[in-house]
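Colleague: Take a look at the following structure, please.
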2 protein chains.
Amino acid sequence: MTHPLFHPDAEEISLPAVLTALGDETRLNIIAILARNGERAMTCGQFLELGSKTALSYHVAKLREAGVINVRPDGTKRLLTLRRIDLESRFPGFLDSIVTSAGTLPLPKHQEMADAAETSGETEWT
Amino acid sequence: MTHPLFHPDAEEISLPAVLTALGDETRLNIIAILARNGERAMTCGQFLELGSKTALSYHVAKLREAGVINVRPDGTKRLLTLRRIDLESRFPGFLDSIVTSAGTLPLPKHQEMADAAETSGETEWT
DNA sequence: TCAATAGTTCAAGGATCATTGAACAAAGGA
DNA sequence: TCCTTTGTTCAATGATCCTTGAACTATTGA
């Protein structure tokens with residue numbers, strides 16, 4: 001990356017921006033999965049069940065620009081982590097309530113896409 | 001009203017829908033003002049500082065359809081109330097964290113709101 | 001009945017959103 | 001070096017969003 005990835009400072013994180021970022025099924029799922037994974041970082045590739053490579057890149061950028069997650073390059077991968085501390089200091093109790101409430105993950109989308117990709121032999125779904 | 005206003009049942013309120021509804025400055029302001037007004041109902045007209053009559057009608061409908069507020073016709077007015085109980089049962093702690101975090105918002109102008117129908121309690125606009 | 005009040009509906013316009021495929025870039029391993 | 005892995009960027013597309021003004025409905029009070 002010639003340009004470092006933009007991350008808003010903690011005090012610049014805006015509530016409407018965070019709400020907008022989380023007001024999308026795919027992004028809410030990313031956050032819920034990240035939260036349930038504890039403090040461990042995850043890669044974009046671990047969310048491929050939620051959408052295409054391109055779509056995920058788009059959604060991850062949205063979450064990063066809103067200040068919800070941190071994205072750190074690591075080799076060819078990107079390590080994603082929740083900005084728990086920053087979010088808690090900015091909006092106390094908010095993240096916990098979201099993660100708790102998002103507990104029931106919707107059904108896996110893109111089932112037909114998964115089938116199509118499987119028949120074409122392009123994608124291995126773990 | 002020929003058609004009763006649609007309100008989703010409590011158990012049908014969706015988190016992404018609520019987040020999307022609140023991910024807009026105008027609507028977040030409406031909720032923050034409603035919350036700070038205690039349990040008292042407010043009319044659309046009391047939010048005119050936040051936008052035009054038409055825009056408010058649009059935003060109020062969004063909040064209602066997402067299950068965030070209840071809208072009850074009363075003469076030529078509409079009485080708006082937060083669906084506190086339903087939101088709390090569905091997403092514990094969420095509304096409180098939102099309202100607390102949205103605390104630093106442009107306060108409504110101190111207008112005489114002639115809520116004669118309401119108990120003339122102590123309205124504390126700090 | 002007439003007029004004022006309170007809010008809705010409609011069509012329009014421009015802005016932003018989410019998705020896709022193709023092309024690209026960066027890093028690591030053989 | 002070549003190839004694979006991992007993810008980004010771009011242009012295009014259709015969908016949805018937010019605002020506006022004009023016209024409209026419904027209710028209330030004179």
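Labels used: A, B, ... for chains in the order of the structure tokens, numbers from 1 for residues in each chain, and numbers from 1 for ligands as shown.
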Sorted by chain and rising residue number, list the residues of chain A at most 12 Å from chain D (counting only C-alpha atoms (C1' of nucleotides)), each with its closest atom pair and distance in Å to one decimal, as JSON lines.
Modeller:
{"residue": "A:Met1", "atom": "CA", "partner": "D:DT8", "partner_atom": "C1'", "distance": 9.8}
{"residue": "A:Leu5", "atom": "CA", "partner": "D:DT8", "partner_atom": "C1'", "distance": 11.9}
{"residue": "A:Thr43", "atom": "CA", "partner": "D:DT6", "partner_atom": "C1'", "distance": 9.3}
{"residue": "A:Cys44", "atom": "CA", "partner": "D:DG7", "partner_atom": "C1'", "distance": 8.0}
{"residue": "A:Gly45", "atom": "CA", "partner": "D:DT6", "partner_atom": "C1'", "distance": 7.7}
{"residue": "A:Gln46", "atom": "CA", "partner": "D:DT6", "partner_atom": "C1'", "distance": 11.3}
{"residue": "A:Leu48", "atom": "CA", "partner": "D:DG7", "partner_atom": "C1'", "distance": 11.9}
{"residue": "A:Ser52", "atom": "CA", "partner": "D:DG7", "partner_atom": "C1'", "distance": 11.5}
{"residue": "A:Lys53", "atom": "CA", "partner": "D:DG7", "partner_atom": "C1'", "distance": 7.7}
{"residue": "A:Thr54", "atom": "CA", "partner": "D:DT8", "partner_atom": "C1'", "distance": 8.2}
{"residue": "A:Ala55", "atom": "CA", "partner": "D:DT8", "partner_atom": "C1'", "distance": 11.0}
{"residue": "A:Leu56", "atom": "CA", "partner": "D:DG7", "partner_atom": "C1'", "distance": 9.5}
{"residue": "A:Ser57", "atom": "CA", "partner": "D:DG7", "partner_atom": "C1'", "distance": 7.2}
{"residue": "A:Tyr58", "atom": "CA", "partner": "D:DT8", "partner_atom": "C1'", "distance": 9.3}
{"residue": "A:Val60", "atom": "CA", "partner": "D:DG7", "partner_atom": "C1'", "distance": 11.0}
{"residue": "A:Ala61", "atom": "CA", "partner": "D:DT8", "partner_atom": "C1'", "distance": 10.4}
{"residue": "A:Pro73", "atom": "CA", "partner": "D:DG7", "partner_atom": "C1'", "distance": 10.1}
{"residue": "A:Asp74", "atom": "CA", "partner": "D:DT6", "partner_atom": "C1'", "distance": 10.2}
{"residue": "A:Gly75", "atom": "CA", "partner": "D:DT6", "partner_atom": "C1'", "distance": 8.7}
{"residue": "A:Thr76", "atom": "CA", "partner": "D:DT6", "partner_atom": "C1'", "distance": 5.1}
{"residue": "A:Lys77", "atom": "CA", "partner": "D:DT6", "partner_atom": "C1'", "distance": 5.5}
{"residue": "A:Arg78", "atom": "CA", "partner": "D:DG7", "partner_atom": "C1'", "distance": 7.8}
{"residue": "A:Leu79", "atom": "CA", "partner": "D:DG7", "partner_atom": "C1'", "distance": 11.4}
Colleague: Just the alpha helix (DSSP H) stuff from range 24-63 of chain A, please, per backbone DSSP, written as a list in words.
Modeller: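 Written out, the alpha helix (DSSP H) residues of range 24-63 of chain A are Glu25, Thr26, Arg27, Leu28, Asn29, Ile30, Ile31, Ala32, Ile33, Leu34, Ala35, Arg36, Lys53, Thr54, Ala55, Leu56, Ser57, Tyr58, His59, Val60, Ala61, Lys62 and Leu63 of chain A.
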Colleague: Selection from above, N, CA and C atoms, as an mmCIF file, in the first residue's frame, can you write it?
Modeller:
data_model
loop_
_atom_site.group_PDB
_atom_site.id
_atom_site.type_symbol
_atom_site.label_atom_id
_atom_site.label_comp_id
_atom_site.auth_asym_id
_atom_site.auth_seq_id
_atom_site.Cartn_x
_atom_site.Cartn_y
_atom_site.Cartn_z
ATOM 1 N N GLU A 25 -26.925 -5.615 6.337
ATOM 2 C CA GLU A 25 -26.862 -6.999 6.803
ATOM 3 C C GLU A 25 -25.452 -7.561 6.732
ATOM 4 N N THR A 26 -24.819 -7.340 5.591
ATOM 5 C CA THR A 26 -23.480 -7.900 5.408
ATOM 6 C C THR A 26 -22.514 -7.338 6.438
ATOM 7 N N ARG A 27 -22.531 -6.037 6.608
ATOM 8 C CA ARG A 27 -21.580 -5.427 7.548
ATOM 9 C C ARG A 27 -21.909 -5.772 8.988
ATOM 10 N N LEU A 28 -23.190 -5.853 9.305
ATOM 11 C CA LEU A 28 -23.562 -6.246 10.664
ATOM 12 C C LEU A 28 -23.098 -7.667 10.947
ATOM 13 N N ASN A 29 -23.185 -8.517 9.950
ATOM 14 C CA ASN A 29 -22.706 -9.891 10.111
ATOM 15 C C ASN A 29 -21.193 -9.927 10.313
ATOM 16 N N ILE A 30 -20.490 -9.111 9.577
ATOM 17 C CA ILE A 30 -19.036 -9.065 9.741
ATOM 18 C C ILE A 30 -18.690 -8.707 11.185
ATOM 19 N N ILE A 31 -19.358 -7.678 11.693
ATOM 20 C CA ILE A 31 -19.089 -7.236 13.059
ATOM 21 C C ILE A 31 -19.448 -8.304 14.076
ATOM 22 N N ALA A 32 -20.591 -8.955 13.871
ATOM 23 C CA ALA A 32 -21.017 -9.986 14.815
ATOM 24 C C ALA A 32 -20.023 -11.138 14.838
ATOM 25 N N ILE A 33 -19.546 -11.513 13.670
ATOM 26 C CA ILE A 33 -18.588 -12.621 13.601
ATOM 27 C C ILE A 33 -17.259 -12.202 14.232
ATOM 28 N N LEU A 34 -16.822 -11.012 13.920
ATOM 29 C CA LEU A 34 -15.588 -10.494 14.513
ATOM 30 C C LEU A 34 -15.691 -10.480 16.034
ATOM 31 N N ALA A 35 -16.821 -10.012 16.533
ATOM 32 C CA ALA A 35 -16.996 -9.892 17.981
ATOM 33 C C ALA A 35 -16.950 -11.262 18.638
ATOM 34 N N ARG A 36 -17.575 -12.240 17.999
ATOM 35 C CA ARG A 36 -17.622 -13.569 18.581
ATOM 36 C C ARG A 36 -16.284 -14.282 18.478
ATOM 37 N N LYS A 53 -15.701 -11.351 -3.253
ATOM 38 C CA LYS A 53 -14.443 -10.718 -2.894
ATOM 39 C C LYS A 53 -14.553 -9.198 -3.028
ATOM 40 N N THR A 54 -15.095 -8.772 -4.143
ATOM 41 C CA THR A 54 -15.223 -7.331 -4.395
ATOM 42 C C THR A 54 -16.187 -6.670 -3.426
ATOM 43 N N ALA A 55 -17.306 -7.313 -3.193
ATOM 44 C CA ALA A 55 -18.297 -6.751 -2.279
ATOM 45 C C ALA A 55 -17.707 -6.630 -0.873
ATOM 46 N N LEU A 56 -16.964 -7.640 -0.460
ATOM 47 C CA LEU A 56 -16.375 -7.601 0.875
ATOM 48 C C LEU A 56 -15.366 -6.476 0.996
ATOM 49 N N SER A 57 -14.582 -6.284 -0.034
ATOM 50 C CA SER A 57 -13.609 -5.195 -0.011
ATOM 51 C C SER A 57 -14.330 -3.870 0.202
ATOM 52 N N TYR A 58 -15.457 -3.726 -0.458
ATOM 53 C CA TYR A 58 -16.273 -2.516 -0.335
ATOM 54 C C TYR A 58 -16.801 -2.349 1.088
ATOM 55 N N HIS A 59 -17.373 -3.414 1.621
ATOM 56 C CA HIS A 59 -17.979 -3.320 2.955
ATOM 57 C C HIS A 59 -16.922 -3.124 4.048
ATOM 58 N N VAL A 60 -15.798 -3.802 3.898
ATOM 59 C CA VAL A 60 -14.728 -3.648 4.890
ATOM 60 C C VAL A 60 -14.215 -2.218 4.902
ATOM 61 N N ALA A 61 -14.120 -1.617 3.719
ATOM 62 C CA ALA A 61 -13.687 -0.222 3.655
ATOM 63 C C ALA A 61 -14.702 0.693 4.347
ATOM 64 N N LYS A 62 -15.969 0.407 4.172
ATOM 65 C CA LYS A 62 -17.007 1.197 4.832
ATOM 66 C C LYS A 62 -16.860 1.127 6.344
ATOM 67 N N LEU A 63 -16.671 -0.065 6.847
ATOM 68 C CA LEU A 63 -16.534 -0.241 8.292
ATOM 69 C C LEU A 63 -15.284 0.467 8.810
#
Colleague: Show me, as JSON lines, the residues of chain B having an atom within 12 Å of chain A, each with the closest atom pair and its distance in Å, using only C-alpha atoms.
Modeller:
{"residue": "B:Ile13", "atom": "CA", "partner": "A:Ser101", "partner_atom": "CA", "distance": 11.3}
{"residue": "B:Ser14", "atom": "CA", "partner": "A:Ala102", "partner_atom": "CA", "distance": 9.5}
{"residue": "B:Leu15", "atom": "CA", "partner": "A:Ala102", "partner_atom": "CA", "distance": 7.2}
{"residue": "B:Pro16", "atom": "CA", "partner": "A:Gly23", "partner_atom": "CA", "distance": 4.5}
{"residue": "B:Ala17", "atom": "CA", "partner": "A:Gly23", "partner_atom": "CA", "distance": 6.5}
{"residue": "B:Val18", "atom": "CA", "partner": "A:Gly23", "partner_atom": "CA", "distance": 7.5}
{"residue": "B:Leu19", "atom": "CA", "partner": "A:Gly23", "partner_atom": "CA", "distance": 4.7}
{"residue": "B:Thr20", "atom": "CA", "partner": "A:Gly23", "partner_atom": "CA", "distance": 4.4}
{"residue": "B:Ala21", "atom": "CA", "partner": "A:Gly23", "partner_atom": "CA", "distance": 8.1}
{"residue": "B:Leu22", "atom": "CA", "partner": "A:Leu19", "partner_atom": "CA", "distance": 6.5}
{"residue": "B:Gly23", "atom": "CA", "partner": "A:Thr20", "partner_atom": "CA", "distance": 4.4}
{"residue": "B:Asp24", "atom": "CA", "partner": "A:Pro16", "partner_atom": "CA", "distance": 5.9}
{"residue": "B:Glu25", "atom": "CA", "partner": "A:Pro16", "partner_atom": "CA", "distance": 6.3}
{"residue": "B:Thr26", "atom": "CA", "partner": "A:Pro16", "partner_atom": "CA", "distance": 9.8}
{"residue": "B:Arg27", "atom": "CA", "partner": "A:Pro16", "partner_atom": "CA", "distance": 9.6}
{"residue": "B:Leu28", "atom": "CA", "partner": "A:Pro16", "partner_atom": "CA", "distance": 7.5}
{"residue": "B:Asn29", "atom": "CA", "partner": "A:Pro16", "partner_atom": "CA", "distance": 10.1}
{"residue": "B:Ala66", "atom": "CA", "partner": "A:Gly23", "partner_atom": "CA", "distance": 11.7}
{"residue": "B:Leu87", "atom": "CA", "partner": "A:Ser101", "partner_atom": "CA", "distance": 10.7}
{"residue": "B:Glu88", "atom": "CA", "partner": "A:Ser97", "partner_atom": "CA", "distance": 10.1}
{"residue": "B:Ser89", "atom": "CA", "partner": "A:Ser101", "partner_atom": "CA", "distance": 10.1}
{"residue": "B:Arg90", "atom": "CA", "partner": "A:Ser101", "partner_atom": "CA", "distance": 7.4}
{"residue": "B:Phe91", "atom": "CA", "partner": "A:Ser101", "partner_atom": "CA", "distance": 5.3}
{"residue": "B:Pro92", "atom": "CA", "partner": "A:Ser97", "partner_atom": "CA", "distance": 6.2}
{"residue": "B:Gly93", "atom": "CA", "partner": "A:Ser97", "partner_atom": "CA", "distance": 5.6}
{"residue": "B:Phe94", "atom": "CA", "partner": "A:Ser97", "partner_atom": "CA", "distance": 5.2}
{"residue": "B:Leu95", "atom": "CA", "partner": "A:Phe94", "partner_atom": "CA", "distance": 8.6}
{"residue": "B:Asp96", "atom": "CA", "partner": "A:Gly93", "partner_atom": "CA", "distance": 8.4}
{"residue": "B:Ser97", "atom": "CA", "partner": "A:Phe94", "partner_atom": "CA", "distance": 5.2}
{"residue": "B:Ile98", "atom": "CA", "partner": "A:Phe94", "partner_atom": "CA", "distance": 6.9}
{"residue": "B:Val99", "atom": "CA", "partner": "A:Phe91", "partner_atom": "CA", "distance": 9.7}
{"residue": "B:Thr100", "atom": "CA", "partner": "A:Phe91", "partner_atom": "CA", "distance": 7.8}
{"residue": "B:Ser101", "atom": "CA", "partner": "A:Phe91", "partner_atom": "CA", "distance": 5.3}
{"residue": "B:Ala102", "atom": "CA", "partner": "A:Leu15", "partner_atom": "CA", "distance": 7.2}
{"residue": "B:Gly103", "atom": "CA", "partner": "A:Phe91", "partner_atom": "CA", "distance": 10.4}
{"residue": "B:Thr104", "atom": "CA", "partner": "A:Leu15", "partner_atom": "CA", "distance": 10.7}
{"residue": "B:Leu105", "atom": "CA", "partner": "A:Leu15", "partner_atom": "CA", "distance": 10.9}
Colleague: Considering only C-alpha atoms (C1' of nucleotides), can you say which of A:Gly51, A:Asp9, A:Val68, A:Thr81 comes closest to chain C?
Modeller: A:Gly51
Colleague: Any idea what the distance is between CA of Glu65 in chain B and C1' of DT5 in chain C?
Modeller: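 These atoms are spaced 25.5 Å apart.
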Colleague: Show me which bits of chain C are within 10 Å of chain A, counting only C-alpha atoms (C1' of nucleotides), as a list of chain:residue names.
Modeller: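 Result: C:DA18, C:DT19, C:DT20, C:DG21, C:DA25, C:DA26, C:DA27, C:DG28.
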Colleague: Using the selection just defined, write its residues with N, CA, C and O atoms (P, O5', C5', C4', C3', O3' and C1' of nucleotides) as a short mmCIF file (atom, residue, chain, number, x, y, z; two decimals), in the first residue's frame.
Modeller:
data_model
loop_
_atom_site.label_atom_id
_atom_site.label_comp_id
_atom_site.auth_asym_id
_atom_site.auth_seq_id
_atom_site.Cartn_x
_atom_site.Cartn_y
_atom_site.Cartn_z
P DA C 18 -24.57 0.34 1.15
"O5'" DA C 18 -24.70 -0.76 0.01
"C5'" DA C 18 -25.97 -1.32 -0.27
"C4'" DA C 18 -25.86 -2.30 -1.43
"C3'" DA C 18 -24.74 -3.34 -1.28
"O3'" DA C 18 -25.28 -4.61 -1.63
"C1'" DA C 18 -24.50 -2.17 -3.31
P DT C 19 -24.39 -5.92 -1.50
"O5'" DT C 19 -24.04 -6.33 -3.00
"C5'" DT C 19 -25.10 -6.51 -3.92
"C4'" DT C 19 -24.58 -6.54 -5.34
"C3'" DT C 19 -23.39 -7.48 -5.55
"O3'" DT C 19 -23.84 -8.63 -6.26
"C1'" DT C 19 -23.15 -5.40 -6.71
P DT C 20 -22.83 -9.83 -6.51
"O5'" DT C 20 -22.21 -9.49 -7.93
"C5'" DT C 20 -23.10 -9.24 -9.03
"C4'" DT C 20 -22.29 -8.82 -10.25
"C3'" DT C 20 -21.02 -9.65 -10.44
"O3'" DT C 20 -21.15 -10.49 -11.58
"C1'" DT C 20 -20.61 -7.29 -10.70
P DG C 21 -20.04 -11.64 -11.84
"O5'" DG C 21 -19.07 -10.92 -12.87
"C5'" DG C 21 -19.58 -10.39 -14.08
"C4'" DG C 21 -18.47 -9.71 -14.85
"C3'" DG C 21 -17.21 -10.56 -15.03
"O3'" DG C 21 -16.66 -10.27 -16.31
"C1'" DG C 21 -16.67 -8.60 -13.83
P DA C 25 -0.83 -2.32 -12.04
"O5'" DA C 25 -0.72 -2.73 -10.50
"C5'" DA C 25 -1.45 -2.01 -9.53
"C4'" DA C 25 -1.17 -2.59 -8.15
"C3'" DA C 25 0.30 -2.95 -7.90
"O3'" DA C 25 0.64 -2.54 -6.59
"C1'" DA C 25 -1.06 -4.84 -7.54
P DA C 26 2.20 -2.31 -6.23
"O5'" DA C 26 2.35 -3.07 -4.84
"C5'" DA C 26 1.20 -3.18 -3.99
"C4'" DA C 26 1.32 -4.43 -3.13
"C3'" DA C 26 2.76 -4.85 -2.84
"O3'" DA C 26 2.86 -5.12 -1.46
"C1'" DA C 26 1.54 -6.66 -3.72
P DA C 27 4.35 -5.22 -0.77
"O5'" DA C 27 4.41 -6.74 -0.30
"C5'" DA C 27 3.37 -7.22 0.56
"C4'" DA C 27 3.34 -8.73 0.49
"C3'" DA C 27 4.70 -9.39 0.73
"O3'" DA C 27 4.61 -10.16 1.92
"C1'" DA C 27 3.57 -10.33 -1.15
P DG C 28 5.91 -10.94 2.43
"O5'" DG C 28 5.65 -12.42 1.88
"C5'" DG C 28 4.33 -12.97 1.97
"C4'" DG C 28 4.33 -14.39 1.44
"C3'" DG C 28 5.62 -15.15 1.71
"O3'" DG C 28 5.30 -16.45 2.19
"C1'" DG C 28 5.20 -15.06 -0.64
#
